[in-house]
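Chemist: work15.cif is the file, holding mmCIF, C-alpha atoms and all ligand atoms:
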data_protein
#
loop_
_atom_site.label_atom_id
_atom_site.label_comp_id
_atom_site.auth_asym_id
_atom_site.auth_seq_id
_atom_site.Cartn_x
_atom_site.Cartn_y
_atom_site.Cartn_z
CA MET C 2 -1.51 -84.40 -25.63
CA ILE C 3 -3.79 -83.37 -28.46
CA GLY C 4 -2.19 -82.54 -31.81
CA VAL C 5 -3.85 -79.73 -33.74
CA PHE C 6 -2.71 -78.59 -37.15
CA ASP C 7 -3.55 -75.93 -39.68
CA SER C 8 -1.99 -74.25 -42.69
CA GLY C 9 -1.11 -71.28 -40.48
CA VAL C 10 -2.52 -69.09 -37.74
CA GLY C 11 -6.26 -69.46 -38.50
CA GLY C 12 -6.42 -72.72 -36.56
CA LEU C 13 -6.13 -70.67 -33.39
CA SER C 14 -9.88 -70.06 -33.80
CA VAL C 15 -10.27 -73.82 -33.30
CA VAL C 16 -7.87 -73.80 -30.34
CA LYS C 17 -10.04 -71.04 -28.84
CA GLU C 18 -13.00 -73.45 -28.72
CA MET C 19 -10.77 -76.24 -27.39
CA PHE C 20 -9.57 -74.01 -24.56
CA LYS C 21 -13.21 -73.40 -23.67
CA ASN C 22 -14.37 -77.01 -23.87
CA LEU C 23 -11.23 -78.94 -22.92
CA PRO C 24 -9.47 -76.64 -20.49
CA ASN C 25 -7.27 -79.34 -18.94
CA ARG C 26 -5.82 -80.76 -22.11
CA GLN C 27 -2.36 -80.09 -23.38
CA ILE C 28 -2.27 -78.98 -27.02
CA ILE C 29 0.57 -79.22 -29.50
CA TYR C 30 -0.21 -76.98 -32.45
CA PHE C 31 1.52 -76.94 -35.81
CA GLY C 32 0.85 -74.15 -38.32
CA ASP C 33 2.41 -74.64 -41.74
CA THR C 34 3.15 -70.96 -42.34
CA ALA C 35 6.03 -71.85 -44.68
CA ARG C 36 3.60 -73.35 -47.18
CA LEU C 37 0.31 -71.47 -46.63
CA PRO C 38 -2.18 -70.80 -48.08
CA TYR C 39 -3.57 -74.31 -48.52
CA GLY C 40 -6.87 -72.92 -49.77
CA THR C 41 -5.61 -72.37 -53.31
CA LYS C 42 -3.33 -75.46 -53.51
CA GLY C 43 -4.06 -78.77 -55.20
CA ALA C 44 -5.23 -81.89 -53.38
CA ASP C 45 -1.90 -83.77 -53.73
CA PHE C 46 0.03 -80.96 -52.08
CA VAL C 47 -2.43 -80.65 -49.22
CA LYS C 48 -2.50 -84.43 -48.67
CA LYS C 49 1.29 -84.68 -48.72
CA TYR C 50 1.88 -82.00 -46.09
CA SER C 51 -1.12 -82.95 -43.97
CA GLU C 52 0.30 -86.46 -43.76
CA LYS C 53 3.82 -85.22 -42.91
CA ILE C 54 2.44 -82.95 -40.18
CA THR C 55 0.25 -85.73 -38.74
CA GLN C 56 3.27 -88.06 -38.56
CA TRP C 57 5.38 -85.32 -36.98
CA LEU C 58 2.73 -84.70 -34.30
CA LEU C 59 2.47 -88.43 -33.61
CA ASP C 60 6.25 -88.63 -33.26
CA ARG C 61 5.94 -85.99 -30.55
CA GLY C 62 3.55 -88.23 -28.65
CA VAL C 63 0.09 -86.83 -29.37
CA LYS C 64 -2.77 -89.31 -28.95
CA ILE C 65 -5.44 -87.51 -30.96
CA ILE C 66 -5.22 -85.46 -34.14
CA ILE C 67 -7.45 -82.48 -34.88
CA ILE C 68 -7.33 -81.31 -38.49
CA ALA C 69 -8.17 -77.68 -37.71
CA CYS C 70 -7.63 -76.59 -41.32
CA HIS C 71 -10.85 -76.83 -43.29
CA THR C 72 -9.02 -77.21 -46.60
CA SER C 73 -6.98 -80.13 -45.20
CA SER C 74 -10.16 -81.61 -43.76
CA ALA C 75 -11.85 -81.41 -47.17
CA LEU C 76 -8.93 -82.58 -49.31
CA ALA C 77 -7.05 -84.89 -46.95
CA GLY C 78 -9.43 -85.85 -44.12
CA ASP C 79 -10.52 -89.25 -45.46
CA TYR C 80 -6.99 -89.97 -46.70
CA LEU C 81 -5.45 -89.31 -43.27
CA LYS C 82 -8.01 -91.51 -41.55
CA LYS C 83 -7.03 -94.36 -43.91
CA GLN C 84 -3.29 -93.76 -43.48
CA PHE C 85 -3.51 -93.66 -39.66
CA PRO C 86 -6.34 -96.07 -38.81
CA ASN C 87 -5.28 -96.53 -35.19
CA ILE C 88 -5.50 -92.95 -33.98
CA PRO C 89 -8.63 -90.87 -33.49
CA ILE C 90 -8.57 -88.18 -36.17
CA PHE C 91 -11.14 -85.40 -36.08
CA ASP C 92 -11.78 -83.24 -39.13
CA MET C 93 -13.75 -80.01 -39.36
CA ILE C 94 -16.53 -81.44 -41.53
CA THR C 95 -17.83 -84.68 -40.00
CA PRO C 96 -19.04 -83.46 -36.57
CA THR C 97 -20.80 -80.43 -38.06
CA ALA C 98 -22.33 -82.38 -40.96
CA ASN C 99 -23.71 -84.92 -38.45
CA LYS C 100 -25.09 -82.16 -36.26
CA ILE C 101 -26.64 -80.10 -39.08
CA SER C 102 -28.43 -83.05 -40.57
CA GLY C 103 -30.32 -83.49 -37.32
CA LEU C 104 -31.38 -79.85 -37.04
CA GLY C 105 -34.09 -79.91 -39.71
CA PHE C 106 -32.52 -77.45 -42.12
CA GLY C 107 -33.88 -77.52 -45.67
CA ARG C 108 -31.45 -75.08 -47.26
CA ILE C 109 -27.95 -74.38 -46.13
CA GLY C 110 -25.05 -72.17 -47.25
CA ILE C 111 -21.36 -73.08 -47.01
CA ILE C 112 -18.50 -70.59 -47.35
CA GLY C 113 -14.85 -71.64 -47.50
CA THR C 114 -11.61 -71.52 -49.45
CA PRO C 115 -11.59 -72.36 -53.19
CA GLY C 116 -10.06 -75.77 -52.34
CA THR C 117 -12.75 -76.64 -49.81
CA ILE C 118 -15.60 -75.55 -52.06
CA LYS C 119 -14.19 -77.21 -55.19
CA SER C 120 -13.73 -80.52 -53.36
CA LYS C 121 -17.49 -80.81 -52.70
CA ALA C 122 -16.56 -82.53 -49.42
CA TRP C 123 -19.37 -80.75 -47.55
CA GLU C 124 -21.95 -81.76 -50.17
CA ASN C 125 -20.71 -85.36 -50.07
CA HIS C 126 -20.98 -85.58 -46.29
CA LEU C 127 -24.26 -83.73 -45.95
CA LEU C 128 -26.14 -85.34 -48.83
CA LYS C 129 -25.26 -88.81 -47.55
CA LEU C 130 -27.07 -87.92 -44.34
CA ASN C 131 -29.91 -85.95 -45.89
CA PRO C 132 -30.29 -86.29 -49.69
CA ARG C 133 -33.07 -83.69 -49.73
CA LEU C 134 -30.96 -80.89 -48.28
CA LYS C 135 -30.33 -77.98 -50.66
CA ILE C 136 -26.72 -76.82 -50.36
CA TYR C 137 -25.31 -73.61 -51.77
CA SER C 138 -21.56 -73.20 -51.49
CA LEU C 139 -19.33 -70.27 -52.23
CA ALA C 140 -15.57 -69.67 -52.15
CA CYS C 141 -14.61 -66.40 -50.45
CA PRO C 142 -10.83 -66.23 -50.95
CA LEU C 143 -10.43 -62.54 -50.07
CA LEU C 144 -11.59 -63.07 -46.49
CA VAL C 145 -8.44 -64.89 -45.34
CA PRO C 146 -5.98 -62.05 -46.08
CA LEU C 147 -8.41 -59.50 -44.59
CA VAL C 148 -8.43 -61.39 -41.29
CA GLU C 149 -4.66 -61.86 -41.35
CA GLU C 150 -4.33 -58.10 -41.73
CA GLY C 151 -6.56 -57.71 -38.67
CA TRP C 152 -9.20 -55.93 -40.75
CA VAL C 153 -12.17 -57.51 -39.05
CA ASP C 154 -14.18 -54.34 -38.49
CA LYS C 155 -13.20 -52.14 -41.46
CA LYS C 156 -15.71 -50.63 -43.88
CA ALA C 157 -13.90 -52.23 -46.81
CA THR C 158 -14.24 -55.66 -45.19
CA LYS C 159 -17.98 -55.18 -44.73
CA GLU C 160 -18.28 -54.24 -48.42
CA ILE C 161 -16.41 -57.36 -49.50
CA VAL C 162 -18.48 -59.58 -47.20
CA LYS C 163 -21.63 -57.94 -48.66
CA GLU C 164 -20.43 -58.61 -52.18
CA TYR C 165 -19.78 -62.29 -51.45
CA LEU C 166 -22.87 -62.98 -49.36
CA GLY C 167 -25.07 -61.29 -51.98
CA TYR C 168 -24.90 -64.70 -53.65
CA PHE C 169 -27.19 -66.11 -50.95
CA LYS C 170 -29.83 -63.37 -51.27
CA ASP C 171 -32.36 -65.40 -53.26
CA LYS C 172 -31.32 -68.82 -51.94
CA LYS C 173 -33.53 -68.77 -48.83
CA ILE C 174 -30.88 -70.46 -46.71
CA GLU C 175 -31.64 -71.10 -43.04
CA GLY C 176 -28.04 -71.63 -41.92
CA LEU C 177 -24.56 -70.59 -43.04
CA VAL C 178 -21.50 -72.71 -42.25
CA LEU C 179 -18.22 -70.86 -41.68
CA ALA C 180 -16.07 -73.55 -43.30
CA CYS C 181 -12.71 -71.84 -42.96
CA THR C 182 -10.55 -71.24 -39.89
CA HIS C 183 -10.52 -67.48 -40.42
CA TYR C 184 -14.22 -66.79 -40.87
CA PRO C 185 -15.31 -67.03 -37.20
CA MET C 186 -13.10 -63.98 -36.64
CA LEU C 187 -15.48 -62.14 -39.00
CA ASN C 188 -18.54 -63.46 -37.22
CA GLU C 189 -19.85 -60.01 -36.29
CA VAL C 190 -19.72 -58.54 -39.77
CA ILE C 191 -21.06 -61.73 -41.36
CA GLU C 192 -23.98 -61.74 -38.94
CA LYS C 193 -24.71 -58.06 -39.68
CA VAL C 194 -24.65 -58.62 -43.43
CA ILE C 195 -26.57 -61.89 -43.62
CA GLY C 196 -29.13 -61.02 -40.94
CA ARG C 197 -29.93 -62.64 -37.62
CA ARG C 198 -32.60 -64.93 -39.02
CA ILE C 199 -29.93 -67.08 -40.64
CA LYS C 200 -28.12 -69.29 -38.13
CA ILE C 201 -24.37 -68.96 -38.35
CA ILE C 202 -22.65 -72.27 -37.74
CA ASN C 203 -19.06 -72.36 -36.50
CA PRO C 204 -17.72 -75.92 -36.97
CA ALA C 205 -14.96 -75.26 -34.40
CA GLU C 206 -17.56 -75.03 -31.60
CA ILE C 207 -19.17 -78.30 -32.65
CA LEU C 208 -15.82 -80.04 -33.06
CA ALA C 209 -14.56 -79.04 -29.59
CA LYS C 210 -17.75 -80.38 -28.00
CA GLU C 211 -17.45 -83.60 -30.01
CA VAL C 212 -13.88 -84.14 -28.77
CA ARG C 213 -14.96 -83.38 -25.20
CA ASN C 214 -17.76 -85.97 -25.45
CA PHE C 215 -15.49 -88.52 -27.09
CA LEU C 216 -12.85 -88.50 -24.37
CA PRO C 217 -14.82 -89.87 -21.40
CA ALA C 218 -15.83 -92.82 -23.57
CA SER C 219 -12.19 -93.65 -24.09
CA ALA C 220 -10.71 -94.38 -20.66
CA PRO C 221 -7.16 -95.44 -21.69
CA LEU C 222 -6.87 -92.39 -23.87
CA GLN C 223 -8.02 -90.22 -20.97
CA ALA C 224 -5.14 -91.50 -18.85
CA GLU C 225 -2.62 -90.96 -21.66
CA LEU C 226 -3.84 -87.43 -22.26
CA ARG C 227 -3.70 -86.58 -18.56
CA ARG C 228 0.03 -87.28 -18.55
CA GLY C 229 0.60 -83.98 -20.29
CA LYS C 230 0.97 -80.99 -18.00
CA GLU C 231 -2.14 -78.84 -17.84
CA GLY C 232 -1.88 -75.62 -19.75
CA ASN C 233 1.59 -76.47 -21.06
CA HIS C 234 0.68 -75.91 -24.68
CA GLN C 235 3.19 -75.67 -27.50
CA PHE C 236 2.74 -73.70 -30.71
CA PHE C 237 5.00 -74.54 -33.65
CA PHE C 238 5.09 -72.74 -36.98
CA SER C 239 7.15 -73.72 -40.01
CA ASP C 240 7.92 -70.02 -40.65
CA GLU C 241 7.38 -66.67 -38.93
CA PRO C 242 3.61 -66.32 -38.32
CA TYR C 243 2.46 -62.98 -39.78
CA ASN C 244 0.62 -60.59 -37.44
CA PHE C 245 0.67 -63.27 -34.76
CA LYS C 246 -0.09 -61.06 -31.77
CA LYS C 247 -3.10 -59.59 -33.51
CA ILE C 248 -4.51 -63.01 -34.42
CA CYS C 249 -3.95 -64.28 -30.86
CA HIS C 250 -5.75 -61.20 -29.62
CA LEU C 251 -8.66 -61.78 -32.01
CA CYS C 252 -8.95 -65.40 -30.88
CA PHE C 253 -8.42 -65.49 -27.16
CA ASN C 254 -6.56 -62.52 -25.82
CA LYS C 255 -3.79 -64.80 -24.57
CA LYS C 256 -0.07 -64.32 -25.04
CA ILE C 257 1.47 -67.23 -26.86
CA GLU C 258 5.15 -67.77 -27.62
CA PRO C 259 5.51 -69.29 -31.08
CA THR C 260 8.37 -71.70 -31.84
CA ILE C 261 9.64 -71.52 -35.41
CA LEU C 262 10.59 -74.92 -36.78
CA ASP C 263 10.25 -76.42 -40.24
CA PRO C 264 10.70 -80.17 -39.93
CA PHE C 265 10.09 -80.77 -43.66
N1 LIG G 1 -6.74 -72.77 -42.85
C1 LIG G 1 -7.37 -72.62 -44.14
C2 LIG G 1 -8.77 -73.25 -44.09
O1 LIG G 1 -9.37 -73.32 -43.04
C3 LIG G 1 -7.44 -71.17 -44.57
C4 LIG G 1 -6.11 -70.55 -44.90
C5 LIG G 1 -5.43 -71.20 -46.10
O2 LIG G 1 -5.92 -71.07 -47.23
O3 LIG G 1 -4.40 -71.82 -45.88
O4 LIG G 1 -9.28 -73.68 -45.08
#
As structure tokens, what does this structure read like?
Ligand code: DGL
Modeler:
Amino acid sequence: MIGVFDSGVGGLSVVKEMFKNLPNRQIIYFGDTARLPYGTKGADFVKKYSEKITQWLLDRGVKIIIIACHTSSALAGDYLKKQFPNIPIFDMITPTANKISGLGFGRIGIIGTPGTIKSKAWENHLLKLNPRLKIYSLACPLLVPLVEEGWVDKKATKEIVKEYLGYFKDKKIEGLVLACTHYPMLNEVIEKVIGRRIKIINPAEILAKEVRNFLPASAPLQAELRRGKEGNHQFFFSDEPYNFKKICHLCFNKKIEPTILDPF
């Protein structure tokens, strides 16, 4: 079983990529809807709940942890890896940072929550790999509630995306990283606004491939993971997930029964 967690429903965009790349794996998902958003919370809060959720998933028998939440990845990723050194933990930053640094970009844009951007986690990862890379990062806090409302193709949303992405106009970026669970659901409008010449990078796609490639190298883990029943996924939320059907529809057009449970 693979444990996936997020602050809420946005992590389903990561599950979407996992369904595509790891179709035979059983997923246990936890969305902390009782405490979201994480994007505007402090690091101590995010670390505390990310750790509690990780432990809870491990208690349920998962063998791998995916930190689907970008804010948790930025604020708590390194901390969780230290606290749980014996389990593979994947965050949303490392696989994409590794990949980007090999693609020859000179200038890159990052958009995410205020917490992710303020943490400078992307800069820290990327500049270690390529100190010459120019990175321009921008918090886009209004995009999360727009997606949760299902407003992915409204005129107002396009205007707001335009307003935010105007920041990159004179930056000559070659790629833009969607460093928030919700932003891939706005992919179409972002692409229209920023233009097709700029490569849009969805870390969820890169992460899912990374996990897929990691598994064959780990034979005992393979066997453990196979013990779970195929397709028998479980989706837990610490409170009622808002607009759940709509978000499921935006992500994968699959019907999912959420279980409401707040273990904390
Ligand atoms: N899941 C969060 C992220 O990817 C976005 C929503 C929130 O702020 O909790 O950063």
Chemist: Find the residues around range 172-189 of chain C up to 6 Å (only C-alpha atoms counted), leave out those fewer than 6 positions away in its own chain, and share them as a list in words.
Modeler: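 Contacts, with the query itself left out: Gly11, Gly12, His71, Arg108, Ile109, Gly110, Ile111, Ile112, Gly113, Val145, Val153, Ile199, Lys200, Ile201, Ile202 and Asn203 of chain C.
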Chemist: I need the residue nearest ligand LIG 1 (chain G) from this list: C:Lys17, C:Lys121, C:Arg36, C:His126. Use all atoms listed in the file for the distance.
Modeler: C:Arg36
Chemist: Would you pick out the contacts of range 77-80 of chain C at 12 Å or less, using all atoms listed in the file, so that residues sharing its chain but fewer than 3 positions from it are not included, and give the list as JSON, numbers by chain?
Modeler: {"C": [39, 43, 44, 45, 46, 47, 48, 49, 50, 51, 52, 53, 54, 55, 66, 67, 68, 69, 70, 71, 72, 73, 74, 83, 84, 85, 86, 89, 90, 91, 92, 93, 94, 95, 116, 117, 120, 122, 123, 125, 126]}
Chemist: Select, from C:Gly62, C:Pro217, C:Gly103, C:Pro38, the residue with the minimum atom-to-atom distance to ligand LIG 1 (chain G), counting only C-alpha atoms and all ligand atoms.
Modeler: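 Using only C-alpha atoms and all ligand atoms, ligand LIG 1 (chain G) sits closest to C:Pro38.
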Chemist: Report the distance between atom C1 of ligand LIG 1 (chain G) and CA of Leu37 in chain C in Å, rounded to one decimal place.
Modeler: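 Value for the atom C1 of ligand LIG 1 (chain G)-CA of Leu37 in chain C distance: 8.2 Å.
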Chemist: Tell me which of C:Asn254, C:Pro242, C:Leu216, C:Leu127 sits closest to Pro96 in chain C, counting all atoms listed in the file.
Modeler: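 Once distances to Pro96 in chain C are computed over all atoms listed in the file, the minimum belongs to C:Leu127.
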Chemist: Which of these, C:Asn22, C:Ser138, C:Gln27, C:Thr34, has the shortest distance to Phe238 in chain C once you count only C-alpha atoms?
Modeler: C:Thr34
Chemist: Go ahead and find all residues with at least one atom no further than 6 Å from (-2.9, -84.3, -33.3) in the file's coordinates, using all atoms listed in the file; report them as a PDB file with C-alpha atoms, in the coordinates of the input.
Modeler:
ATOM      1  CA  ILE C   3      -3.790 -83.370 -28.460  1.00  0.00           C
ATOM      2  CA  GLY C   4      -2.190 -82.540 -31.810  1.00  0.00           C
ATOM      3  CA  VAL C   5      -3.850 -79.730 -33.740  1.00  0.00           C
ATOM      4  CA  LEU C  58       2.730 -84.700 -34.300  1.00  0.00           C
ATOM      5  CA  VAL C  63       0.090 -86.830 -29.370  1.00  0.00           C
ATOM      6  CA  ILE C  65      -5.440 -87.510 -30.960  1.00  0.00           C
ATOM      7  CA  ILE C  66      -5.220 -85.460 -34.140  1.00  0.00           C
ATOM      8  CA  ILE C  67      -7.450 -82.480 -34.880  1.00  0.00           C
TER       9      ILE C  67
END
Chemist: I'd like the interatomic distance between CA of Ala209 in chain C and CA of Arg61 in chain C, to a tenth of an Å.
Modeler: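 That distance, rounded to one decimal, is 21.7 Å.
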Chemist: Box along x, y and z, 8 Å on every side, all listed atoms of ligand LIG 1 (chain G) inside: centre and edge lengths in Å to one decimal, as JSON.
Modeler:
{"center_x": -6.9, "center_y": -72.1, "center_z": -45.0, "size_x": 21.0, "size_y": 19.1, "size_z": 20.4}
Chemist: CA of Asp60 in chain C and CA of Asn244 in chain C are how many Å apart?
Modeler: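 Here the two named atoms are 28.9 Å from each other.
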Chemist: Give me the residues within 8 Å of Thr158 in chain C as a CSV table (one decimal) with C-alpha atoms, keeping the file's coordinate frame, counting all atoms listed in the file and dropping any in the same chain fewer than 4 places off.
Modeler:
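Generated file (out18.csv):
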chain,number,residue,atom,x,y,z
C,144,LEU,CA,-11.6,-63.1,-46.5
C,147,LEU,CA,-8.4,-59.5,-44.6
C,152,TRP,CA,-9.2,-55.9,-40.8
C,153,VAL,CA,-12.2,-57.5,-39.0
C,154,ASP,CA,-14.2,-54.3,-38.5
C,162,VAL,CA,-18.5,-59.6,-47.2
Chemist: Which one of C:Lys119, C:Lys135, C:Arg26, C:Lys21 sits closest to ligand LIG 1 (chain G) if you count only C-alpha atoms and all ligand atoms?
Modeler: C:Lys119
Chemist: Write out as a PDB file with C-alpha atoms, in the coordinates of the input which residues come within 8 Å of His234 in chain C when counting all atoms listed in the file, dropping same-chain ones fewer than 4 positions away.
Modeler:
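Contents of around_15.pdb, freshly written:
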ATOM      1  CA  GLN C  27      -2.360 -80.090 -23.380  1.00  0.00           C
ATOM      2  CA  ILE C  28      -2.270 -78.980 -27.020  1.00  0.00           C
ATOM      3  CA  ILE C  29       0.570 -79.220 -29.500  1.00  0.00           C
ATOM      4  CA  TYR C  30      -0.210 -76.980 -32.450  1.00  0.00           C
TER       5      TYR C  30
END
Chemist: With all atoms listed in the file as the basis for distance, which of C:Asn99, C:Asp263, C:Pro142, C:Asn131 is at the shortest distance from ligand LIG 1 (chain G)?
Modeler: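 For ligand LIG 1 (chain G), the nearest of the candidates is C:Pro142.
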Chemist: Missing atoms in range 243-257 of chain C: can you complete it with N, CA and C atoms, as a compact mmCIF listing (two decimals), in the frame of the given file?
Modeler:
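result.txt written:
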# COMPACT_ATOMS: atom_id res chain seq x y z
N TYR C 243 2.72 -64.41 -39.52
CA TYR C 243 2.46 -62.98 -39.78
C TYR C 243 1.37 -62.45 -38.85
N ASN C 244 1.62 -61.28 -38.29
CA ASN C 244 0.62 -60.59 -37.44
C ASN C 244 0.13 -61.47 -36.29
N PHE C 245 1.04 -62.24 -35.73
CA PHE C 245 0.67 -63.27 -34.76
C PHE C 245 -0.05 -62.73 -33.53
N LYS C 246 0.51 -61.62 -32.99
CA LYS C 246 -0.09 -61.06 -31.77
C LYS C 246 -1.54 -60.67 -32.00
N LYS C 247 -1.76 -60.05 -33.17
CA LYS C 247 -3.10 -59.59 -33.51
C LYS C 247 -4.08 -60.77 -33.60
N ILE C 248 -3.63 -61.84 -34.25
CA ILE C 248 -4.51 -63.01 -34.42
C ILE C 248 -4.79 -63.64 -33.05
N CYS C 249 -3.75 -63.73 -32.21
CA CYS C 249 -3.95 -64.28 -30.86
C CYS C 249 -4.97 -63.43 -30.12
N HIS C 250 -4.85 -62.11 -30.28
CA HIS C 250 -5.75 -61.20 -29.62
C HIS C 250 -7.19 -61.40 -30.11
N LEU C 251 -7.32 -61.57 -31.44
CA LEU C 251 -8.66 -61.78 -32.01
C LEU C 251 -9.27 -63.08 -31.49
N CYS C 252 -8.42 -64.08 -31.26
CA CYS C 252 -8.95 -65.40 -30.88
C CYS C 252 -9.18 -65.53 -29.39
N PHE C 253 -8.19 -65.23 -28.58
CA PHE C 253 -8.42 -65.49 -27.16
C PHE C 253 -7.72 -64.55 -26.20
N ASN C 254 -7.15 -63.49 -26.72
CA ASN C 254 -6.56 -62.52 -25.82
C ASN C 254 -5.53 -63.13 -24.87
N LYS C 255 -4.80 -64.12 -25.38
CA LYS C 255 -3.79 -64.80 -24.57
C LYS C 255 -2.46 -64.56 -25.24
N LYS C 256 -1.40 -64.48 -24.43
CA LYS C 256 -0.07 -64.32 -25.04
C LYS C 256 0.51 -65.71 -25.29
N ILE C 257 0.93 -65.92 -26.52
CA ILE C 257 1.47 -67.23 -26.86
C ILE C 257 2.85 -67.04 -27.49
